[in-house]
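Student: Sharing a structure with you now.
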Number of protein chains: 2
Amino acid sequence: MTVTLADVAARAGVSAATVSRVLNGNYPVAGDTRTRVLRAVEELEYVVNGPASSLAAATSDLIGILVNDIADPFFGVLASAVQSQISPLGSGRVQKLAVICNTGGSPERELTYLTLLQRQRAAAVVLTGGAVEDPAHTRALAARLRRLEAAGARVILCGRPPLALPDTLPDPSAGTDGTGGTADEGGEPGTIGRCTLTFDNRGGARRLTEHLLSLGHRTVGYLAGPAARTTTRHRLEGHRAALAAAGLGADRERLTVHGAFTRSSGYEGAQELLRREPGLTAVLAANDTVALGATAALREQGLRIPEDISVTGFDDLPFAADAAPALTTVRIPLHEAGVRAGRLAMGLETPPEGGPATVPADLMIRASTAPPRP
Amino acid sequence: MTVTLADVAARAGVSAATVSRVLNGNYPVAGDTRTRVLRAVEELEYVVNGPASSLAAATSDLIGILVNDIADPFFGVLASAVQSQISPLGSGRVQKLAVICNTGGSPERELTYLTLLQRQRAAAVVLTGGAVEDPAHTRALAARLRRLEAAGARVILCGRPPLALPDTLPDPSAGTDGTGGTADEGGEPGTIGRCTLTFDNRGGARRLTEHLLSLGHRTVGYLAGPAARTTTRHRLEGHRAALAAAGLGADRERLTVHGAFTRSSGYEGAQELLRREPGLTAVLAANDTVALGATAALREQGLRIPEDISVTGFDDLPFAADAAPALTTVRIPLHEAGVRAGRLAMGLETPPEGGPATVPADLMIRASTAPPRP
DNA sequence: CTGTTAGCGCTTTCAG
DNA sequence: CTGAAAGCGCTAACAG
């Protein structure tokens with residue numbers, strides 16, 4: 001019923017092999033034959049059978065992108081940027097399709113998707129956003145990624161640190177030089193995460209906190225993300241490092257509230273923070289979305305921003321600059337990072353020399369922060 | 001090198017057929033044999049070869065989702081909702097993968113992606129957002145979709161009207177009853193778009209405009225989306241219908257500026273509108289993002305919102321309620337629509353009876369609109 | 001430059 | 001309930 005290569009070959013009066021060659025353009029074919037084949041393809045409205053060619057060629061043109069939730073602009077921007085490097089508009093015909101996987105932050109789903117992608121023989125897999133910090137999961141994840149790499153897939157980590165496996169690596173220090181060993185050998189330790197782009201979450205949070213301190217704030221609350229995630233931990237560490245440097249280390253637990261990376265979590269968290277410490281003069285949120293929720297809650301308490309209380313976000317998503325007041329935050333160049341990840345996934349770029357590349361996180365001072373009231 | 005079905009079969013001491021059967025669970029297998037096979041699968045870390053099974057079974061577990069740009073929350077929310085219905089967490093094991101395709105609004109890319117998806121033998125294709133209105137493109141699109149359906153893929157339109165092909169259909173009226181004919185027969189007219197969810201863009205825009213008129217506005221500008229797109233046209237039509245009903249039809253062209261669905265387009269458009277008509281008391285934007293840009297531009301001109309000028313959006317994206325002032329807009333239940341589209345794509349739900357289903361668009365009156373100054 | 005020949009790894013009748 | 005056998009549609013040597 002459906003037209004196959006053989007049909008095209010018959011119509012063009014050539015062999016199937018020849019048709020395959022003109023279609024893939026990876027082998028010399030006489031210009032004349034070529035046009036004849038192309039015409040037959042047109043006339044028959046022939047469309048290659050992807051699964052069949054993937055099977056025969058042992059490759060596929062799918063690239064997996066794991067995200068927490070594609071509805072979250074953080075991941076949307078990242079995924080869109082990755083896409084821009086692997087999709088049809090680009091240079092040449094090397095076009096891959098992006099399989100977007102919503103993990104919802106669930107370790108099990110992350111693993112499930114990885115298996116599904118391996119099943120599809122994905123050419124590459126991009127894991128975005130922070131990782132769940134749990135030894136068992138990390139181990140399982142490393143195993144899956146190793147298998148994926150052994151199967152020839154490129155693995156790119158974007159927004160998370162390379163996998164730390166102290167208890168699995170024979171010699172942890174060996175992995176650091178970054179250049180040795182091939183991914184094809186499977187079990188090779190230190191291999192996973194060679195293609196890594198980490199975000200400078202720690203540095204960004206530190207600078208953000210320093211900014212607040214320099215404005216004179218001394219009683220700052222922190223709306224942290226979900227526990228056991230690298231993003232949460234790193235941002236929190238940066239924040240506390242800055243406080244500690246200013247001699248403000250004490251009382252940290254009381255002024256930290258954990259929650260999801262959502263607006264409602266920010267809304268509730270801000271209320272909780274205020275309940276614990278009515279004298280709060282600033283609130284740092286885990287990200288911009290959380291900051292928006294916090295802002296709403298604080299306003300409802302009759303507080304003006306930034307006159308009565310300062311608020312900061314993180315990520316600098318598109319809406320941050322348009323919030324009122326415009327949100328002071330930390331800009332992570334998500335688009336650029338995504339583009340880079342996309343290029344790595346396509347093999348257009350070589351993995352960063354000397355270990356993971358760090359994506360900068362720059363302070364964006366806007367209108368939501370000001371000195372505390374005297 | 002890589003382990004295959006045969007390896008598993010050998011290890012379990014059964015035939016390949018049996019392994020296939022337990023893996024697919026679509027055929028009775030003795031409980032004992034079953035566990036033996038499953039154990040072998042575990043031990044060998046066997047992962048099915050997707051392309052091979054797709055080839056053999058002539059099916060694939062990919063579902064294509066065409067979006068303008070996945071970084072745009074409008075599409076992100078939609079795609080996420082579709083995902084929620086087709087992905088691993090759900091009921092049963094029927095898990096499909098979502099291939100997200102950024103068309104960037106380009107007709108050519110839309111067609112290219114459709115071909116790519118057909119090549120992958122996608123089980124379904126969901127086209128989201130407005131369609132480009134160009135006879136040639138519509139014709140080409142219809143042809144592609146028809147082929148896709150003929151190849152057994154389900155085609156779902158989400159956010160656009162069914163394909164209008166007056167010049168191609170032998171009997172346009174025949175397609176309207178919606179129930180006749182099977183998609184499998186190919187050329188069947190009236191078939192395409194049977195699985196359609198249209199958004200009530202016209203009604204939403206009309207209600208929004210009526211709201212402004214009822215507040216007393218008489219000089220309202222309109223920041224329309226890109227020309228030749230159904231979304232743009234329908235929203236504009238609704239807007240003008242409301243104006244006409246109020247006897248305000250004249251001078252429309254002058255107070256309408258077309259632009260992209262972007263913030264910068266809103267920013268520039270608002271400036272242009274103000275240049276053309278300094279006495280403007282309200283600006284309706286094509287969507288929330290455009291409204292944000294317009295708001296910024298108006299503020300820079302020293303105008304307060306809503307005291308000096310009212311602004312409205314469209315879509316009610318998450319950030320609309322958090323804008324300051326909170327944006328009056330029209331809520332399109334994107335999540336619900338996406339869920340429905342996902343279910344249709346999975347064949348979990350039957351196509352809407354009696355033609356395209358209309359997704360409502362409700363007015364959300366918030367703080368960005370108020371009566372004009374006397 | 002082109003044709004022939006084997007498979008790629010799985011599913012699926014058709015017989016047991 | 002299980003096995004044997006015949007492809008699914010394409011690619012990739014290998015000869016010409």
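In the structure tokens, each chain is lettered A, B, ... as it comes, each chain's residues begin at 1, and ligands are numbered from 1 in order of appearance.
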Hey, what does DSSP flag as strand (DSSP E) within region 85-150 of chain A? Can you give it to me as a PDB file with C-alpha atoms, in the first residue's frame?

Tutor:
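After the write, out_0.pdb holds the following:
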ATOM      1  CA  LEU A  97      14.031  15.844  15.821  1.00  0.00           C
ATOM      2  CA  ALA A  98      13.780  16.831  19.460  1.00  0.00           C
ATOM      3  CA  VAL A  99      12.009  14.457  21.796  1.00  0.00           C
ATOM      4  CA  ILE A 100      11.030  16.464  24.816  1.00  0.00           C
ATOM      5  CA  CYS A 101      10.591  14.572  28.041  1.00  0.00           C
ATOM      6  CA  ASN A 102       8.851  16.085  31.052  1.00  0.00           C
ATOM      7  CA  ALA A 124      22.046  12.334  21.888  1.00  0.00           C
ATOM      8  CA  VAL A 125      20.424  13.112  25.174  1.00  0.00           C
ATOM      9  CA  VAL A 126      20.457  16.497  26.859  1.00  0.00           C
ATOM     10  CA  LEU A 127      19.669  16.543  30.558  1.00  0.00           C
ATOM     11  CA  THR A 128      18.678  20.010  31.646  1.00  0.00           C
TER      12      THR A 128
END

Student: Within 6 Å of chain A, which residues of chain B show up when using only C-alpha atoms, listed as a short mmCIF file (atom, residue, chain, number, x, y, z; two decimals) with C-alpha atoms, in the first residue's frame?

Tutor:
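New file selection_22.cif:
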data_model
loop_
_atom_site.label_atom_id
_atom_site.label_comp_id
_atom_site.auth_asym_id
_atom_site.auth_seq_id
_atom_site.Cartn_x
_atom_site.Cartn_y
_atom_site.Cartn_z
CA VAL B 47 16.69 -2.65 25.81
CA VAL B 48 14.34 -3.14 22.88
CA ASN B 49 15.45 -1.78 19.55
CA GLY B 50 12.74 0.73 18.78
CA PRO B 51 13.42 1.17 15.09
CA ALA B 52 13.40 -2.57 14.58
CA SER B 54 8.62 -0.05 14.55
CA LEU B 55 9.68 -1.48 11.26
CA ILE B 70 8.37 26.16 22.58
CA ALA B 71 9.96 29.04 24.49
CA GLY B 76 4.87 25.54 26.44
CA VAL B 77 1.70 25.16 28.45
CA SER B 80 3.15 20.27 28.51
CA ALA B 98 6.61 13.77 22.19
CA VAL B 99 8.58 15.18 19.30
CA ILE B 100 8.38 18.92 19.59
CA ARG B 119 9.00 9.54 7.89
CA GLN B 120 9.12 8.56 11.54
CA ALA B 323 1.84 41.86 36.02
CA ALA B 324 1.46 45.23 37.64
#

Student: Identify all chain C residues at most 8 Å from chain B by counting only C-alpha atoms (C1' of nucleotides); ligands do not count. Present them as a list in words.

Tutor: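 For chain C, the answer reads DC8, DG9, DC10 and DT11 of chain C.
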
Student: Those residues with N, CA and C atoms (P, O5', C5', C4', C3', O3' and C1' of nucleotides), as a PDB file, in the first residue's frame please?

Tutor:
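That gives us part22.pdb:
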ATOM      1  P    DC C   8      22.462  -9.339  11.121  1.00  0.00           P
ATOM      2  O5'  DC C   8      21.902  -7.889  11.448  1.00  0.00           O
ATOM      3  C5'  DC C   8      22.705  -6.720  11.318  1.00  0.00           C
ATOM      4  C4'  DC C   8      21.834  -5.526  11.651  1.00  0.00           C
ATOM      5  C3'  DC C   8      20.816  -5.811  12.742  1.00  0.00           C
ATOM      6  O3'  DC C   8      21.268  -5.187  13.943  1.00  0.00           O
ATOM      7  C1'  DC C   8      19.775  -4.796  10.802  1.00  0.00           C
ATOM      8  P    DG C   9      21.412  -6.045  15.268  1.00  0.00           P
ATOM      9  O5'  DG C   9      19.905  -6.141  15.758  1.00  0.00           O
ATOM     10  C5'  DG C   9      19.198  -4.952  16.060  1.00  0.00           C
ATOM     11  C4'  DG C   9      17.730  -5.273  16.203  1.00  0.00           C
ATOM     12  C3'  DG C   9      17.404  -6.406  17.172  1.00  0.00           C
ATOM     13  O3'  DG C   9      16.402  -5.937  18.041  1.00  0.00           O
ATOM     14  C1'  DG C   9      16.332  -6.766  15.116  1.00  0.00           C
ATOM     15  P    DC C  10      15.712  -6.832  19.118  1.00  0.00           P
ATOM     16  O5'  DC C  10      14.272  -6.954  18.474  1.00  0.00           O
ATOM     17  C5'  DC C  10      13.500  -5.753  18.340  1.00  0.00           C
ATOM     18  C4'  DC C  10      12.363  -5.964  17.385  1.00  0.00           C
ATOM     19  C3'  DC C  10      11.261  -6.861  17.921  1.00  0.00           C
ATOM     20  O3'  DC C  10      10.086  -6.075  18.109  1.00  0.00           O
ATOM     21  C1'  DC C  10      11.872  -7.431  15.675  1.00  0.00           C
ATOM     22  P    DT C  11       8.836  -6.700  18.900  1.00  0.00           P
ATOM     23  O5'  DT C  11       7.959  -7.209  17.672  1.00  0.00           O
ATOM     24  C5'  DT C  11       7.409  -6.242  16.784  1.00  0.00           C
ATOM     25  C4'  DT C  11       6.659  -6.947  15.675  1.00  0.00           C
ATOM     26  C3'  DT C  11       5.436  -7.735  16.119  1.00  0.00           C
ATOM     27  O3'  DT C  11       4.420  -7.424  15.182  1.00  0.00           O
ATOM     28  C1'  DT C  11       6.858  -9.119  14.848  1.00  0.00           C
TER      29       DT C  11
END

Student: Taking only C-alpha atoms (C1' of nucleotides) into account, report as number ranges by chain which residues of chain D lie within 9 Å of chain A.

Tutor: D: 8-12

Student: If we count only C-alpha atoms (C1' of nucleotides) and set the cut-off at 12 Å, which residues sit around Asp134 (chain A), ignoring sequence neighbours fewer than 2 positions away in its own chain? Please answer as a PDB file with N, CA and C atoms, in the first residue's frame.

Tutor:
ATOM      1  N   SER A 106      10.923  14.006  38.745  1.00  0.00           N
ATOM      2  CA  SER A 106      10.901  12.677  39.337  1.00  0.00           C
ATOM      3  C   SER A 106      12.057  11.809  38.846  1.00  0.00           C
ATOM      4  N   PRO A 107      12.844  11.302  39.766  1.00  0.00           N
ATOM      5  CA  PRO A 107      13.979  10.452  39.404  1.00  0.00           C
ATOM      6  C   PRO A 107      13.540   9.238  38.580  1.00  0.00           C
ATOM      7  N   GLU A 108      12.434   8.627  38.962  1.00  0.00           N
ATOM      8  CA  GLU A 108      11.987   7.428  38.240  1.00  0.00           C
ATOM      9  C   GLU A 108      11.684   7.765  36.784  1.00  0.00           C
ATOM     10  N   ALA A 131      19.965  18.444  39.161  1.00  0.00           N
ATOM     11  CA  ALA A 131      19.816  17.007  39.357  1.00  0.00           C
ATOM     12  C   ALA A 131      19.332  16.712  40.764  1.00  0.00           C
ATOM     13  N   VAL A 132      18.662  15.589  40.893  1.00  0.00           N
ATOM     14  CA  VAL A 132      18.230  15.146  42.207  1.00  0.00           C
ATOM     15  C   VAL A 132      19.448  14.562  42.915  1.00  0.00           C
ATOM     16  N   ALA A 136      21.470   6.707  45.542  1.00  0.00           N
ATOM     17  CA  ALA A 136      20.913   5.586  44.788  1.00  0.00           C
ATOM     18  C   ALA A 136      20.523   6.031  43.384  1.00  0.00           C
ATOM     19  N   HIS A 137      19.871   7.164  43.333  1.00  0.00           N
ATOM     20  CA  HIS A 137      19.451   7.646  42.017  1.00  0.00           C
ATOM     21  C   HIS A 137      20.647   8.023  41.161  1.00  0.00           C
ATOM     22  N   THR A 138      21.600   8.672  41.771  1.00  0.00           N
ATOM     23  CA  THR A 138      22.785   9.080  41.018  1.00  0.00           C
ATOM     24  C   THR A 138      23.470   7.866  40.418  1.00  0.00           C
ATOM     25  N   ARG A 139      23.510   6.804  41.187  1.00  0.00           N
ATOM     26  CA  ARG A 139      24.144   5.581  40.711  1.00  0.00           C
ATOM     27  C   ARG A 139      23.351   5.009  39.534  1.00  0.00           C
ATOM     28  N   ALA A 140      22.054   4.938  39.725  1.00  0.00           N
ATOM     29  CA  ALA A 140      21.205   4.391  38.658  1.00  0.00           C
ATOM     30  C   ALA A 140      21.316   5.245  37.397  1.00  0.00           C
ATOM     31  N   LEU A 141      21.340   6.541  37.621  1.00  0.00           N
ATOM     32  CA  LEU A 141      21.438   7.473  36.500  1.00  0.00           C
ATOM     33  C   LEU A 141      22.757   7.283  35.760  1.00  0.00           C
ATOM     34  N   ALA A 142      23.817   7.173  36.529  1.00  0.00           N
ATOM     35  CA  ALA A 142      25.128   7.001  35.911  1.00  0.00           C
ATOM     36  C   ALA A 142      25.161   5.729  35.079  1.00  0.00           C
ATOM     37  N   LEU A 163      28.285  14.110  37.019  1.00  0.00           N
ATOM     38  CA  LEU A 163      27.889  13.125  38.020  1.00  0.00           C
ATOM     39  C   LEU A 163      29.018  12.810  38.999  1.00  0.00           C
ATOM     40  N   ALA A 164      28.702  12.953  40.259  1.00  0.00           N
ATOM     41  CA  ALA A 164      29.701  12.656  41.282  1.00  0.00           C
ATOM     42  C   ALA A 164      29.458  11.240  41.791  1.00  0.00           C
ATOM     43  N   LEU A 165      30.434  10.394  41.602  1.00  0.00           N
ATOM     44  CA  LEU A 165      30.251   9.000  42.011  1.00  0.00           C
ATOM     45  C   LEU A 165      31.434   8.492  42.807  1.00  0.00           C
ATOM     46  N   ALA A 227      14.310  20.477  48.344  1.00  0.00           N
ATOM     47  CA  ALA A 227      15.530  19.912  48.926  1.00  0.00           C
ATOM     48  C   ALA A 227      16.101  18.843  48.010  1.00  0.00           C
ATOM     49  N   ALA A 228      17.348  18.500  48.230  1.00  0.00           N
ATOM     50  CA  ALA A 228      17.996  17.411  47.503  1.00  0.00           C
ATOM     51  C   ALA A 228      18.094  17.635  46.001  1.00  0.00           C
ATOM     52  N   ARG A 229      18.256  18.897  45.617  1.00  0.00           N
ATOM     53  CA  ARG A 229      18.489  19.156  44.197  1.00  0.00           C
ATOM     54  C   ARG A 229      19.708  20.046  44.108  1.00  0.00           C
ATOM     55  N   THR A 230      20.531  19.792  43.138  1.00  0.00           N
ATOM     56  CA  THR A 230      21.782  20.541  43.047  1.00  0.00           C
ATOM     57  C   THR A 230      21.547  22.041  42.932  1.00  0.00           C
TER      58      THR A 230
END

Student: Calculate how many Å separate CA of Ala286 (chain A) from CA of Ser368 (chain A), rounding to one decimal.

Tutor: 15.1 Å

Student: Using only C-alpha atoms (C1' of nucleotides), which residues sit within 12 Å of DC14 (chain D) once same-chain residues fewer than 2 positions away are excluded, as a list in words?

Tutor: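 So the residues in contact are DG3, DT4, DT5 and DA6 of chain C; DA12 and DG16 of chain D.
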
Student: If you count only C-alpha atoms (C1' of nucleotides), which residues fall within 12 Å of DT2 (chain D), apart from same-chain ones fewer than 5 positions away, as a PDB file with N, CA and C atoms (P, O5', C5', C4', C3', O3' and C1' of nucleotides), in the first residue's frame?

Tutor:
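Saved result, result26.pdb, follows:
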ATOM      1  N   GLY B  13      16.234 -19.597  27.375  1.00  0.00           N
ATOM      2  CA  GLY B  13      15.918 -20.922  26.855  1.00  0.00           C
ATOM      3  C   GLY B  13      14.569 -20.992  26.162  1.00  0.00           C
ATOM      4  N   VAL B  14      14.210 -19.903  25.487  1.00  0.00           N
ATOM      5  CA  VAL B  14      12.951 -19.892  24.739  1.00  0.00           C
ATOM      6  C   VAL B  14      13.231 -19.323  23.345  1.00  0.00           C
ATOM      7  N   SER B  15      12.191 -19.176  22.574  1.00  0.00           N
ATOM      8  CA  SER B  15      12.387 -18.617  21.243  1.00  0.00           C
ATOM      9  C   SER B  15      12.225 -17.103  21.272  1.00  0.00           C
ATOM     10  N   ALA B  16      12.717 -16.483  20.241  1.00  0.00           N
ATOM     11  CA  ALA B  16      12.611 -15.032  20.148  1.00  0.00           C
ATOM     12  C   ALA B  16      11.148 -14.610  20.183  1.00  0.00           C
ATOM     13  N   ALA B  17      10.325 -15.391  19.532  1.00  0.00           N
ATOM     14  CA  ALA B  17       8.902 -15.054  19.489  1.00  0.00           C
ATOM     15  C   ALA B  17       8.334 -14.924  20.894  1.00  0.00           C
ATOM     16  N   THR B  18       8.704 -15.852  21.732  1.00  0.00           N
ATOM     17  CA  THR B  18       8.193 -15.826  23.094  1.00  0.00           C
ATOM     18  C   THR B  18       8.640 -14.570  23.831  1.00  0.00           C
ATOM     19  N   VAL B  19       9.906 -14.237  23.686  1.00  0.00           N
ATOM     20  CA  VAL B  19      10.402 -13.034  24.344  1.00  0.00           C
ATOM     21  C   VAL B  19       9.599 -11.836  23.868  1.00  0.00           C
ATOM     22  N   SER B  20       9.427 -11.750  22.589  1.00  0.00           N
ATOM     23  CA  SER B  20       8.655 -10.641  22.031  1.00  0.00           C
ATOM     24  C   SER B  20       7.282 -10.598  22.674  1.00  0.00           C
ATOM     25  N   ARG B  21       6.695 -11.754  22.817  1.00  0.00           N
ATOM     26  CA  ARG B  21       5.347 -11.794  23.383  1.00  0.00           C
ATOM     27  C   ARG B  21       5.296 -11.331  24.834  1.00  0.00           C
ATOM     28  N   VAL B  22       6.253 -11.767  25.628  1.00  0.00           N
ATOM     29  CA  VAL B  22       6.160 -11.296  27.022  1.00  0.00           C
ATOM     30  C   VAL B  22       6.439  -9.794  27.078  1.00  0.00           C
ATOM     31  N   TYR B  27      -0.123 -11.241  24.284  1.00  0.00           N
ATOM     32  CA  TYR B  27      -0.359 -12.629  23.906  1.00  0.00           C
ATOM     33  C   TYR B  27      -0.131 -13.483  25.146  1.00  0.00           C
ATOM     34  N   PRO B  28      -0.926 -14.516  25.326  1.00  0.00           N
ATOM     35  CA  PRO B  28      -0.763 -15.350  26.520  1.00  0.00           C
ATOM     36  C   PRO B  28       0.592 -16.050  26.583  1.00  0.00           C
ATOM     37  N   VAL B  29       1.210 -15.980  27.725  1.00  0.00           N
ATOM     38  CA  VAL B  29       2.499 -16.642  27.946  1.00  0.00           C
ATOM     39  C   VAL B  29       2.447 -17.257  29.342  1.00  0.00           C
ATOM     40  N   ALA B  30       2.966 -18.431  29.493  1.00  0.00           N
ATOM     41  CA  ALA B  30       2.957 -19.107  30.792  1.00  0.00           C
ATOM     42  C   ALA B  30       3.696 -18.258  31.824  1.00  0.00           C
ATOM     43  N   THR B  33       7.429 -19.168  32.220  1.00  0.00           N
ATOM     44  CA  THR B  33       8.269 -18.720  31.105  1.00  0.00           C
ATOM     45  C   THR B  33       8.484 -17.224  31.203  1.00  0.00           C
ATOM     46  N   ARG B  34       7.419 -16.591  31.479  1.00  0.00           N
ATOM     47  CA  ARG B  34       7.402 -15.146  31.586  1.00  0.00           C
ATOM     48  C   ARG B  34       8.475 -14.613  32.546  1.00  0.00           C
TER      49      ARG B  34
ATOM     50  P    DA C  15      -0.417 -23.449   7.834  1.00  0.00           P
ATOM     51  O5'  DA C  15       0.339 -24.672   8.516  1.00  0.00           O
ATOM     52  C5'  DA C  15       0.407 -24.713   9.905  1.00  0.00           C
ATOM     53  C4'  DA C  15       1.731 -25.272  10.360  1.00  0.00           C
ATOM     54  C3'  DA C  15       1.594 -26.637  11.029  1.00  0.00           C
ATOM     55  O3'  DA C  15       2.778 -27.382  10.885  1.00  0.00           O
ATOM     56  C1'  DA C  15       2.111 -24.959  12.655  1.00  0.00           C
ATOM     57  P    DG C  16       2.717 -28.958  11.232  1.00  0.00           P
ATOM     58  O5'  DG C  16       2.339 -29.030  12.786  1.00  0.00           O
ATOM     59  C5'  DG C  16       2.987 -29.914  13.627  1.00  0.00           C
ATOM     60  C4'  DG C  16       3.570 -29.143  14.810  1.00  0.00           C
ATOM     61  C3'  DG C  16       3.491 -29.924  16.112  1.00  0.00           C
ATOM     62  O3'  DG C  16       4.781 -29.972  16.663  1.00  0.00           O
ATOM     63  C1'  DG C  16       2.698 -27.714  16.386  1.00  0.00           C
TER      64       DG C  16
END

Student: Excluding same-chain residues fewer than 4 positions from Gln85 (chain A), what lies within 7 Å of it counting only C-alpha atoms (C1' of nucleotides), as a list in words?

Tutor: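 With the cut-off at 7 Å, the set is Ala81, Gly90, Val339, Gly342 and Arg343 of chain A.
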
Student: Which residues are close to Leu298 (chain B), i.e. within 9 Å by only C-alpha atoms (C1' of nucleotides), leaving aside same-chain residues fewer than 2 positions away? Reply as JSON, numbers by chain.

Tutor: {"B": [267, 270, 271, 274, 293, 294, 295, 296, 300, 301, 302, 303, 304, 305, 309]}

Student: Find the distance between CA of Pro351 (chain B) and CA of Thr196 (chain B) and write it in Å to one decimal.

Tutor: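 That distance, rounded to one decimal, is 7.7 Å.
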
Student: Please, what distance in Å, to one decimal, runs between CA of Ala241 (chain A) and CA of Leu327 (chain A)?

Tutor: 22.7 Å

Student: Looking only at the backbone, which of the residues in region 123-358 of chain B does DSSP tag as alpha helix (DSSP H), as a VMD selection string?

Tutor: chain B and resid 135 to 150 201 to 215 230 to 245 263 to 276 288 to 300 334 to 346

Student: Which of these residues is nearest to Ala291 (chain A), using only C-alpha atoms: A:Asp316, A:Asp362, A:Glu336, A:Asp7?

Tutor: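 Looking only at the distances to Ala291 (chain A), the closest residue turns out to be A:Asp316.
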